[in-house]
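*Asks:* Okay, here's the structure, questions in a sec.
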Amino acid sequence: MAEPVSTALIGYGYWGPNLARNLYQNKAARLSVICDSAADRLADISRLYPGVRTANDAAAVFADPAIEAVVISTPVRTHYALCKAALTQGKHVLVEKPIALSSAEAGDLIALAAQNGRTLMVGHTFEYNPAVLKIKDLVDKDEIGQVYYVYSNRVNLGRVQRDVNVLWSIAPHDISILLYLLGAMPLEVSARGATYLSEGIEDVVFVTLVFPNNVLAHVHASWLDPGKVRRMTVVGSRKMVVYDDVDSEAKIKIYDKGVYRKGDPIYGEFQFRLHSGDIYIPKIDMSEPLQVECAHFLECVRTGQRPRSDGESGRRVVRVLEAAQESLDQGGVPVRVGEG
Ligand SMILES: NC(=O)c1ccc[n+]([C@@H]2O[C@H](COP(=O)([O-])OP(=O)(O)OC[C@H]3O[C@@H](n4cnc5c(N)ncnc54)[C@H](O)[C@@H]3O)[C@@H](O)[C@H]2O)c1
């Protein structure tokens, strides 16, 4: 077996502890350091993770030649500078989503990783979620037919952010799922949102995305909502799929339902026929997505394989966020996306 990857975790706030647990438990990693600029965040580390050092200065961690890889779980505004510093010091990097605050910054990081021959991966957790993989399989194997439209609701009360709006904080999940499932960039994005709690920071957004082949998608993200909803619906020409991440029994339901036309479309002599068959709940092995994600990163570091959610995938998500932000700033006008 290959030597474990000597790894440092930067940022031990809300999400960092989940990464620490997964890295510590993974035999392919040796979690050497946990670093947070707020010293009080690190008080419990020696009890929880014996043998793991703590640090407050990320630059000193990056300068340590014994560290091969870093996992960055700090606020979004710090991602670019921290990733750049780590890659410059020759570290492999797994950075939380979104990779950066602009696609130009994401491009810089991609170039730097390529120059230094290092792995750059983004924590698009849902691309490692077995339920999402199942839907991807259904789409790719044409089981649901042509995808007509997709919509998702990711709402809850709480985890209100002060430095990024709900588009940049929560919607990256839905956007990364959409790009992954559809295997394409949207042509056009429009977004409306509203600000209630902090000036200039949207608490709710409604984003509409137009993909090639007339596929329409919609994302509703909010941290100001009465209940936790994590649901995505995919409507296809043959079947329809509902993915409810909060439902532990039936994360995915496949509805054998559809509408088809019968008759001669040329003379307009056709009828719509409804088909309503069984509802099927596939068995899904729900291993923890973050565990799969961490294992994938460590394997990519060791083998040089390109990660599923590589820097390019991070840049594509940021390109869509930028276009949505531009639309949001202009009251919802449609904004062309391009390849990013
Ligand atoms: N994949 C997911 O499902 C998921 C869920 C939540 C958050 N996230 C992502 O995780 C990242 C962190 O989010 P969070 O909610 O944990 O934020 P947080 O504010 O709770 O924690 C961030 C921590 O980073 C520390 N920090 C800030 N700057 C630092 C620096 N320069 N060096 C070292 N430490 C520094 C802070 O002291 C804080 O403890 C964000 O990118 C967020 O989008 C991902």
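Letters for chains follow the order of the structure tokens (A, B, ...), residue numbers begin at 1 for each chain, and ligand numbers begin at 1 in the order shown.
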From segment 175-285 of chain A, collect each residue whose DSSP state is alpha helix (DSSP H) and return the set as a PyMOL selection string.

*Replies:* chain A and resi 175-182

*Asks:* Please produce an output containing C-alpha atoms for each residue in the selection, written as a PDB file, in the first residue's frame.

*Replies:*
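For reference, result33.pdb as written:
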```
ATOM      1  CA  ILE A 175     -25.281  24.332  -9.848  1.00  0.00           C
ATOM      2  CA  SER A 176     -22.577  21.687  -9.525  1.00  0.00           C
ATOM      3  CA  ILE A 177     -25.275  18.956  -9.506  1.00  0.00           C
ATOM      4  CA  LEU A 178     -26.947  20.434 -12.607  1.00  0.00           C
ATOM      5  CA  LEU A 179     -23.691  20.731 -14.578  1.00  0.00           C
ATOM      6  CA  TYR A 180     -22.753  17.206 -13.559  1.00  0.00           C
ATOM      7  CA  LEU A 181     -26.130  15.636 -14.408  1.00  0.00           C
ATOM      8  CA  LEU A 182     -26.602  17.451 -17.696  1.00  0.00           C
TER       9      LEU A 182
END
```

*Asks:* Ligand 1: which residues are within 7 Å, counting only C-alpha atoms and all ligand atoms, as a list of chain:residue names?

*Replies:*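 The residues near ligand 1 are A:Ile10, A:Gly11, A:Tyr12, A:Gly13, A:Tyr14, A:Trp15, A:Gly16, A:Cys35, A:Asp36, A:Ser37, A:Ala38, A:Arg41, A:Asn56, A:Asp57, A:Ala58, A:Ser73, A:Thr74, A:Pro75, A:Val76, A:Thr78, A:Leu82, A:Glu96, A:Lys97, A:Pro98, A:Gly123, A:His124, A:Thr125, A:Ser169.
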
*Asks:* Taking into account only C-alpha atoms, which residue in the set A:Val241, A:Val147, A:Met286, A:Ala100 is nearest to Arg77 of chain A?

*Replies:*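 Among the listed residues, A:Ala100 lies closest to Arg77 of chain A.
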
*Asks:* Within 6 Å of Arg30 of chain A, counting only C-alpha atoms, which residues show up once you throw out same-chain ones fewer than 5 positions away? Write them as a list of chain:residue names, please.

*Replies:*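 Within the cut-off, the hits are A:Pro4, A:Val5, A:Ser6, A:Thr7.
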
*Asks:* Keeping only N, CA and C atoms, write those residues as a short mmCIF file (atom, residue, chain, number, x, y, z; two decimals), in the first residue's frame.

*Replies:*
```cif
data_model
loop_
_atom_site.label_atom_id
_atom_site.label_comp_id
_atom_site.auth_asym_id
_atom_site.auth_seq_id
_atom_site.Cartn_x
_atom_site.Cartn_y
_atom_site.Cartn_z
N PRO A 4 0.72 6.89 3.35
CA PRO A 4 -0.37 7.86 3.53
C PRO A 4 0.07 9.27 3.14
N VAL A 5 -0.86 10.04 2.63
CA VAL A 5 -0.56 11.42 2.20
C VAL A 5 -0.55 12.32 3.44
N SER A 6 0.58 12.95 3.68
CA SER A 6 0.68 13.86 4.83
C SER A 6 -0.13 15.12 4.52
N THR A 7 -1.18 15.32 5.33
CA THR A 7 -2.21 16.32 4.98
C THR A 7 -2.42 17.33 6.09
#
```

*Asks:* So which residues touch Phe297 of chain A within 8 Å, counting only C-alpha atoms, skipping near sequence neighbours fewer than 3 positions away, as a list in words?

*Replies:*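 These residues fall inside the cut-off: Leu94, Met121, Glu293, Cys294, Cys300, Val301 and Pro307 of chain A.
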
*Asks:* Hey, can you spit out that residue selection with N, CA, C and O atoms as a PDB file, in the first residue's frame?

*Replies:*
```pdb
ATOM      1  N   LEU A  94      -7.210  20.468  -1.997  1.00  0.00           N
ATOM      2  CA  LEU A  94      -8.659  20.270  -2.052  1.00  0.00           C
ATOM      3  C   LEU A  94      -9.267  21.486  -1.378  1.00  0.00           C
ATOM      4  O   LEU A  94      -9.010  21.735  -0.198  1.00  0.00           O
ATOM      5  N   MET A 121      -8.480  20.144  -6.589  1.00  0.00           N
ATOM      6  CA  MET A 121      -9.841  19.589  -6.564  1.00  0.00           C
ATOM      7  C   MET A 121     -10.746  20.514  -5.750  1.00  0.00           C
ATOM      8  O   MET A 121     -10.292  21.176  -4.814  1.00  0.00           O
ATOM      9  N   GLU A 293     -15.527  11.662  -1.154  1.00  0.00           N
ATOM     10  CA  GLU A 293     -14.800  12.815  -1.725  1.00  0.00           C
ATOM     11  C   GLU A 293     -13.347  12.840  -1.239  1.00  0.00           C
ATOM     12  O   GLU A 293     -12.418  13.000  -2.038  1.00  0.00           O
ATOM     13  N   CYS A 294     -13.148  12.665   0.071  1.00  0.00           N
ATOM     14  CA  CYS A 294     -11.784  12.691   0.627  1.00  0.00           C
ATOM     15  C   CYS A 294     -10.958  11.536   0.044  1.00  0.00           C
ATOM     16  O   CYS A 294      -9.794  11.720  -0.328  1.00  0.00           O
ATOM     17  N   CYS A 300      -6.292  10.657  -6.084  1.00  0.00           N
ATOM     18  CA  CYS A 300      -5.794  11.508  -7.180  1.00  0.00           C
ATOM     19  C   CYS A 300      -4.384  12.015  -6.866  1.00  0.00           C
ATOM     20  O   CYS A 300      -3.535  12.101  -7.749  1.00  0.00           O
ATOM     21  N   VAL A 301      -4.145  12.363  -5.596  1.00  0.00           N
ATOM     22  CA  VAL A 301      -2.806  12.829  -5.192  1.00  0.00           C
ATOM     23  C   VAL A 301      -1.789  11.717  -5.453  1.00  0.00           C
ATOM     24  O   VAL A 301      -0.708  11.953  -6.013  1.00  0.00           O
ATOM     25  N   PRO A 307      -9.145  14.730 -10.782  1.00  0.00           N
ATOM     26  CA  PRO A 307     -10.352  14.569  -9.956  1.00  0.00           C
ATOM     27  C   PRO A 307     -11.637  14.801 -10.758  1.00  0.00           C
ATOM     28  O   PRO A 307     -11.632  15.573 -11.717  1.00  0.00           O
TER      29      PRO A 307
END
```
